[in-house]
Amino acid sequence: FSRSPADDSVEINWDKVEALLQYGTCDLMAVDPKEYPMLFAENEFKTYKDKNNLYEIVFETMDAPASWIAHNAVMSAFSSGRTTACVVDLGASGTRITPVVDGFTLNKSIMETSRGGDSIDTLVSAALANSGIAVQPWFAVSKKNNIDESSKGKGKSNELKVSESLRAMHSRDVVRDVKKWMSFVPYMPV
């Protein structure tokens with residue numbers, strides 16, 4: 001898949017999709033695609049042409065008996081045992097909110113934004129900084145048993161010398177852990 005930044009369209013290499021489907025079904029799952037129907041989650045296959053290309057591979061090349069492309073939000077709702085739900089899909093680069101009613105998506109009510117996990121990481125980091133909590137990577141935090149008593153007061157530094165990009169990467173990991181464990185909404189049965 002390659003994404004065009006100009007119009008946010010996706011160009012799909014169908015030869016690679018075919019090779020991936022063959023590898024996944026025949027080699028990894030060790031099943032004959034002629035014996036089982038195939039279910040696909042709709043993500044990049046948005047246009048009529050893309051769906052036709054996928055069905056052409058499934059039916060003509062792999063000889064599958066049946067196939068269906070389902071919407072991701074519907075599959076998410078069904079996986080939690082619901083036919084009606086409001087599905088929030090939070091990705092790294094965007095967020096999509098999709099209402100599902102009786103197993104169908106309300107396409108005109110889908111809300112999308114370019115704010116995703118990365119921007120939420122920035123918000124969590126700012127909230128921690130405003131609370132007076134300094135986010136430090138694991139290697140910048142000294143433990144009592146790791147401090148060399150003989151180097152105290154002699155000008156030696158116990159801090160590990162690393163590049164700024166490595167420090168930033170590990171700081172982002174700490175922020176993501178805080179986001180993951182402190183912003184989690186558990187499933188609560190009604």
# chains A, B, ... in the order shown; residues from 1 in each chain; ligands from 1

$ residues_around --residues "range 70-81 of chain A" --least-positions-apart "2" --cutoff "10 Å" --atoms "only C-alpha atoms" --output "PyMOL selection string"
chain A and resi 39-43+45-46+67-68+83-89+96-105+187

$ write_last_selection --atoms "C-alpha atoms" --output "PDB file, in the first residue's frame"
ATOM      1  CA  LEU A  39     -14.198 -12.675   5.427  1.00  0.00           C
ATOM      2  CA  PHE A  40     -12.342  -9.367   5.069  1.00  0.00           C
ATOM      3  CA  ALA A  41     -12.411  -6.347   7.338  1.00  0.00           C
ATOM      4  CA  GLU A  42     -12.900  -3.164   5.309  1.00  0.00           C
ATOM      5  CA  ASN A  43     -10.137  -0.698   5.906  1.00  0.00           C
ATOM      6  CA  PHE A  45     -10.808  -1.322   0.308  1.00  0.00           C
ATOM      7  CA  LYS A  46     -13.062   1.704   0.113  1.00  0.00           C
ATOM      8  CA  SER A  67     -16.446 -13.947   0.317  1.00  0.00           C
ATOM      9  CA  TRP A  68     -17.659 -10.891   2.189  1.00  0.00           C
ATOM     10  CA  THR A  83     -25.413  -5.158  17.108  1.00  0.00           C
ATOM     11  CA  THR A  84     -25.774  -1.485  18.030  1.00  0.00           C
ATOM     12  CA  ALA A  85     -22.745   0.452  19.238  1.00  0.00           C
ATOM     13  CA  CYS A  86     -20.690   3.604  18.910  1.00  0.00           C
ATOM     14  CA  VAL A  87     -17.242   2.402  17.822  1.00  0.00           C
ATOM     15  CA  VAL A  88     -14.250   4.672  18.445  1.00  0.00           C
ATOM     16  CA  ASP A  89     -11.186   3.670  16.435  1.00  0.00           C
ATOM     17  CA  ARG A  96     -12.788   7.596  13.579  1.00  0.00           C
ATOM     18  CA  ILE A  97     -16.124   7.423  15.391  1.00  0.00           C
ATOM     19  CA  THR A  98     -18.643   5.150  13.694  1.00  0.00           C
ATOM     20  CA  PRO A  99     -22.228   4.553  14.803  1.00  0.00           C
ATOM     21  CA  VAL A 100     -23.454   0.998  14.205  1.00  0.00           C
ATOM     22  CA  VAL A 101     -27.199   0.335  14.319  1.00  0.00           C
ATOM     23  CA  ASP A 102     -28.538  -3.219  14.004  1.00  0.00           C
ATOM     24  CA  GLY A 103     -25.314  -4.362  12.331  1.00  0.00           C
ATOM     25  CA  PHE A 104     -25.125  -1.563   9.768  1.00  0.00           C
ATOM     26  CA  THR A 105     -22.932   1.516   9.795  1.00  0.00           C
ATOM     27  CA  TYR A 187     -15.764  -2.878  29.536  1.00  0.00           C
TER      28      TYR A 187
END

$ select_by_dssp --residues "range 34-74 of chain A" --states "alpha helix (DSSP H)" --output "ChimeraX atom specification"
/A:48-56,72-74

$ select_by_dssp --residues "range 15-44 of chain A" --states "strand (DSSP E or B)" --output "PyMOL selection string"
chain A and resi 38-42

$ write_last_selection --atoms "all heavy atoms" --output "short mmCIF file (atom, residue, chain, number, x, y, z; two decimals), in the first residue's frame"
data_model
loop_
_atom_site.label_atom_id
_atom_site.label_comp_id
_atom_site.auth_asym_id
_atom_site.auth_seq_id
_atom_site.Cartn_x
_atom_site.Cartn_y
_atom_site.Cartn_z
N MET A 38 -14.20 -16.60 2.68
CA MET A 38 -13.26 -15.62 3.21
C MET A 38 -14.00 -14.37 3.67
O MET A 38 -14.87 -13.87 2.97
CB MET A 38 -12.23 -15.23 2.15
CG MET A 38 -11.32 -16.34 1.76
SD MET A 38 -10.06 -15.72 0.66
CE MET A 38 -8.93 -17.06 0.68
N LEU A 39 -13.64 -13.89 4.86
CA LEU A 39 -14.20 -12.68 5.43
C LEU A 39 -13.09 -11.64 5.55
O LEU A 39 -12.03 -11.93 6.10
CB LEU A 39 -14.81 -12.96 6.81
CG LEU A 39 -15.31 -11.75 7.58
CD1 LEU A 39 -16.51 -11.13 6.88
CD2 LEU A 39 -15.68 -12.14 9.00
N PHE A 40 -13.32 -10.45 5.02
CA PHE A 40 -12.34 -9.37 5.07
C PHE A 40 -12.90 -8.20 5.86
O PHE A 40 -14.09 -7.90 5.78
CB PHE A 40 -11.99 -8.88 3.65
CG PHE A 40 -11.30 -9.93 2.83
CD1 PHE A 40 -12.02 -10.75 1.97
CD2 PHE A 40 -9.93 -10.09 2.90
CE1 PHE A 40 -11.39 -11.71 1.21
CE2 PHE A 40 -9.30 -11.05 2.14
CZ PHE A 40 -10.02 -11.86 1.30
N ALA A 41 -12.04 -7.56 6.62
CA ALA A 41 -12.41 -6.35 7.34
C ALA A 41 -12.10 -5.16 6.43
O ALA A 41 -10.97 -5.03 5.96
CB ALA A 41 -11.64 -6.25 8.64
N GLU A 42 -13.07 -4.31 6.20
CA GLU A 42 -12.90 -3.16 5.31
C GLU A 42 -12.08 -2.08 5.99
O GLU A 42 -12.46 -1.56 7.03
CB GLU A 42 -14.26 -2.60 4.90
CG GLU A 42 -14.16 -1.40 4.00
CD GLU A 42 -15.51 -0.82 3.68
OE1 GLU A 42 -16.45 -1.04 4.45
OE2 GLU A 42 -15.62 -0.16 2.66
#

$ closest_residue --among "A:Thr47, A:Thr25, A:Ser93, A:Thr122" --to "Glu11 in chain A" --atoms "only C-alpha atoms"
A:Thr47

$ atom_distance --atom1 "CA of Ser171 in chain A" --atom2 "CA of Phe139 in chain A"
10.1 Å

$ residues_around --residues "Ala168 in chain A" --least-positions-apart "2" --cutoff "12 Å" --atoms "only C-alpha atoms" --output "short mmCIF file (atom, residue, chain, number, x, y, z; two decimals) with N, CA, C and O atoms, in the first residue's frame"
data_model
loop_
_atom_site.label_atom_id
_atom_site.label_comp_id
_atom_site.auth_asym_id
_atom_site.auth_seq_id
_atom_site.Cartn_x
_atom_site.Cartn_y
_atom_site.Cartn_z
N SER A 125 1.53 14.14 27.83
CA SER A 125 2.81 14.69 28.25
C SER A 125 2.66 16.09 28.82
O SER A 125 3.25 16.43 29.85
N VAL A 135 8.75 13.65 33.12
CA VAL A 135 8.81 12.37 32.42
C VAL A 135 10.28 12.11 32.08
O VAL A 135 10.91 12.90 31.38
N GLN A 136 10.80 11.02 32.60
CA GLN A 136 12.18 10.65 32.34
C GLN A 136 12.22 9.21 31.85
O GLN A 136 11.44 8.38 32.30
N PRO A 137 13.14 8.90 30.94
CA PRO A 137 13.29 7.51 30.50
C PRO A 137 13.81 6.65 31.65
O PRO A 137 14.37 7.16 32.63
N TRP A 138 13.65 5.35 31.52
CA TRP A 138 14.01 4.43 32.61
C TRP A 138 15.48 4.54 33.00
O TRP A 138 15.84 4.36 34.15
N PHE A 139 16.35 4.80 32.03
CA PHE A 139 17.78 4.82 32.35
C PHE A 139 18.22 6.11 33.03
O PHE A 139 19.33 6.18 33.54
N ALA A 140 17.36 7.12 33.07
CA ALA A 140 17.72 8.38 33.73
C ALA A 140 17.32 8.38 35.20
O ALA A 140 17.66 9.30 35.92
N VAL A 162 23.59 9.30 26.32
CA VAL A 162 22.84 8.81 25.17
C VAL A 162 22.47 9.99 24.28
O VAL A 162 22.51 11.14 24.70
N SER A 163 22.10 9.66 23.06
CA SER A 163 21.70 10.73 22.13
C SER A 163 20.34 11.28 22.53
O SER A 163 19.55 10.62 23.23
N GLU A 164 20.07 12.48 22.09
CA GLU A 164 18.80 13.13 22.43
C GLU A 164 17.62 12.39 21.82
O GLU A 164 16.54 12.32 22.40
N SER A 165 17.79 11.82 20.61
CA SER A 165 16.70 11.10 19.97
C SER A 165 16.34 9.82 20.74
O SER A 165 15.17 9.48 20.86
N LEU A 166 17.36 9.14 21.28
CA LEU A 166 17.08 7.94 22.08
C LEU A 166 16.37 8.32 23.38
O LEU A 166 15.42 7.66 23.80
N HIS A 170 12.52 7.02 24.42
CA HIS A 170 12.17 6.34 25.67
C HIS A 170 11.23 7.19 26.54
O HIS A 170 10.39 6.63 27.26
N SER A 171 11.32 8.50 26.46
CA SER A 171 10.37 9.35 27.17
C SER A 171 8.97 9.18 26.59
O SER A 171 7.98 9.15 27.33
N ARG A 172 8.86 9.07 25.25
CA ARG A 172 7.56 8.82 24.63
C ARG A 172 6.99 7.48 25.06
O ARG A 172 5.78 7.33 25.24
N ASP A 173 7.86 6.47 25.24
CA ASP A 173 7.39 5.17 25.72
C ASP A 173 6.79 5.28 27.12
O ASP A 173 5.79 4.65 27.42
N VAL A 174 7.40 6.09 27.97
CA VAL A 174 6.87 6.29 29.33
C VAL A 174 5.50 6.97 29.24
O VAL A 174 4.55 6.56 29.92
N VAL A 175 5.38 7.99 28.38
CA VAL A 175 4.09 8.68 28.21
C VAL A 175 3.05 7.73 27.67
O VAL A 175 1.89 7.73 28.11
#

$ residues_around --residues "range 48-64 of chain A" --least-positions-apart "6" --cutoff "10 Å" --atoms "only C-alpha atoms" --output "JSON, numbers by chain"
{"A": [10, 11, 12, 14, 15, 17, 18, 21, 22, 25, 32, 33, 34, 35, 36, 37, 38, 40, 42]}

$ write_last_selection --atoms "N, CA and C atoms" --output "PDB file, in the first residue's frame"
ATOM      1  N   VAL A  10      -5.141   5.805  -1.598  1.00  0.00           N
ATOM      2  CA  VAL A  10      -4.262   4.672  -1.390  1.00  0.00           C
ATOM      3  C   VAL A  10      -4.108   3.937  -2.711  1.00  0.00           C
ATOM      4  N   GLU A  11      -2.866   3.682  -3.101  1.00  0.00           N
ATOM      5  CA  GLU A  11      -2.596   2.893  -4.291  1.00  0.00           C
ATOM      6  C   GLU A  11      -2.186   1.505  -3.833  1.00  0.00           C
ATOM      7  N   ILE A  12      -2.900   0.489  -4.304  1.00  0.00           N
ATOM      8  CA  ILE A  12      -2.694  -0.872  -3.822  1.00  0.00           C
ATOM      9  C   ILE A  12      -2.000  -1.690  -4.902  1.00  0.00           C
ATOM     10  N   TRP A  14      -1.796  -4.990  -6.258  1.00  0.00           N
ATOM     11  CA  TRP A  14      -2.644  -6.166  -6.166  1.00  0.00           C
ATOM     12  C   TRP A  14      -1.866  -7.458  -6.303  1.00  0.00           C
ATOM     13  N   ASP A  15      -0.699  -7.425  -6.963  1.00  0.00           N
ATOM     14  CA  ASP A  15       0.140  -8.624  -7.019  1.00  0.00           C
ATOM     15  C   ASP A  15       0.631  -8.995  -5.626  1.00  0.00           C
ATOM     16  N   VAL A  17      -0.918  -8.152  -2.811  1.00  0.00           N
ATOM     17  CA  VAL A  17      -2.091  -8.588  -2.044  1.00  0.00           C
ATOM     18  C   VAL A  17      -2.381 -10.056  -2.336  1.00  0.00           C
ATOM     19  N   GLU A  18      -2.296 -10.422  -3.596  1.00  0.00           N
ATOM     20  CA  GLU A  18      -2.527 -11.818  -3.980  1.00  0.00           C
ATOM     21  C   GLU A  18      -1.484 -12.740  -3.343  1.00  0.00           C
ATOM     22  N   LEU A  21      -2.262 -13.062   0.378  1.00  0.00           N
ATOM     23  CA  LEU A  21      -3.401 -13.949   0.636  1.00  0.00           C
ATOM     24  C   LEU A  21      -3.015 -15.409   0.450  1.00  0.00           C
ATOM     25  N   GLN A  22      -2.254 -15.705  -0.607  1.00  0.00           N
ATOM     26  CA  GLN A  22      -1.801 -17.083  -0.833  1.00  0.00           C
ATOM     27  C   GLN A  22      -0.917 -17.558   0.317  1.00  0.00           C
ATOM     28  N   THR A  25      -3.114 -17.950   3.690  1.00  0.00           N
ATOM     29  CA  THR A  25      -4.049 -19.079   3.740  1.00  0.00           C
ATOM     30  C   THR A  25      -3.348 -20.411   3.551  1.00  0.00           C
ATOM     31  N   ASP A  32      -6.893 -25.016   2.454  1.00  0.00           N
ATOM     32  CA  ASP A  32      -7.147 -24.855   1.032  1.00  0.00           C
ATOM     33  C   ASP A  32      -8.212 -23.773   0.871  1.00  0.00           C
ATOM     34  N   PRO A  33      -7.893 -22.653   0.206  1.00  0.00           N
ATOM     35  CA  PRO A  33      -8.881 -21.578   0.086  1.00  0.00           C
ATOM     36  C   PRO A  33     -10.123 -21.970  -0.712  1.00  0.00           C
ATOM     37  N   LYS A  34     -10.078 -23.091  -1.414  1.00  0.00           N
ATOM     38  CA  LYS A  34     -11.243 -23.566  -2.167  1.00  0.00           C
ATOM     39  C   LYS A  34     -12.309 -24.149  -1.246  1.00  0.00           C
ATOM     40  N   GLU A  35     -11.915 -24.460  -0.006  1.00  0.00           N
ATOM     41  CA  GLU A  35     -12.834 -25.120   0.919  1.00  0.00           C
ATOM     42  C   GLU A  35     -13.510 -24.178   1.909  1.00  0.00           C
ATOM     43  N   TYR A  36     -13.009 -22.938   2.045  1.00  0.00           N
ATOM     44  CA  TYR A  36     -13.515 -22.042   3.087  1.00  0.00           C
ATOM     45  C   TYR A  36     -13.911 -20.679   2.512  1.00  0.00           C
ATOM     46  N   PRO A  37     -15.017 -20.126   2.970  1.00  0.00           N
ATOM     47  CA  PRO A  37     -15.340 -18.745   2.598  1.00  0.00           C
ATOM     48  C   PRO A  37     -14.359 -17.781   3.257  1.00  0.00           C
ATOM     49  N   MET A  38     -14.202 -16.598   2.683  1.00  0.00           N
ATOM     50  CA  MET A  38     -13.261 -15.616   3.209  1.00  0.00           C
ATOM     51  C   MET A  38     -14.001 -14.374   3.672  1.00  0.00           C
ATOM     52  N   PHE A  40     -13.322 -10.445   5.021  1.00  0.00           N
ATOM     53  CA  PHE A  40     -12.342  -9.367   5.069  1.00  0.00           C
ATOM     54  C   PHE A  40     -12.904  -8.201   5.860  1.00  0.00           C
ATOM     55  N   GLU A  42     -13.073  -4.306   6.205  1.00  0.00           N
ATOM     56  CA  GLU A  42     -12.900  -3.164   5.309  1.00  0.00           C
ATOM     57  C   GLU A  42     -12.083  -2.080   5.992  1.00  0.00           C
TER      58      GLU A  42
END

$ residues_around --residues "Gly116 in chain A" --least-positions-apart "6" --cutoff "6 Å" --atoms "only C-alpha atoms" --output "list of chain:residue names"
A:Leu90, A:Gly91, A:Ala92, A:Ser93, A:Gly94, A:Thr95

$ atom_distance --atom1 "CA of Lys161 in chain A" --atom2 "CA of Val141 in chain A"
13.1 Å

$ closest_residue --among "A:Thr113, A:Met188, A:Ala30, A:Lys179" --to "Ala126 in chain A" --atoms "only C-alpha atoms"
A:Lys179
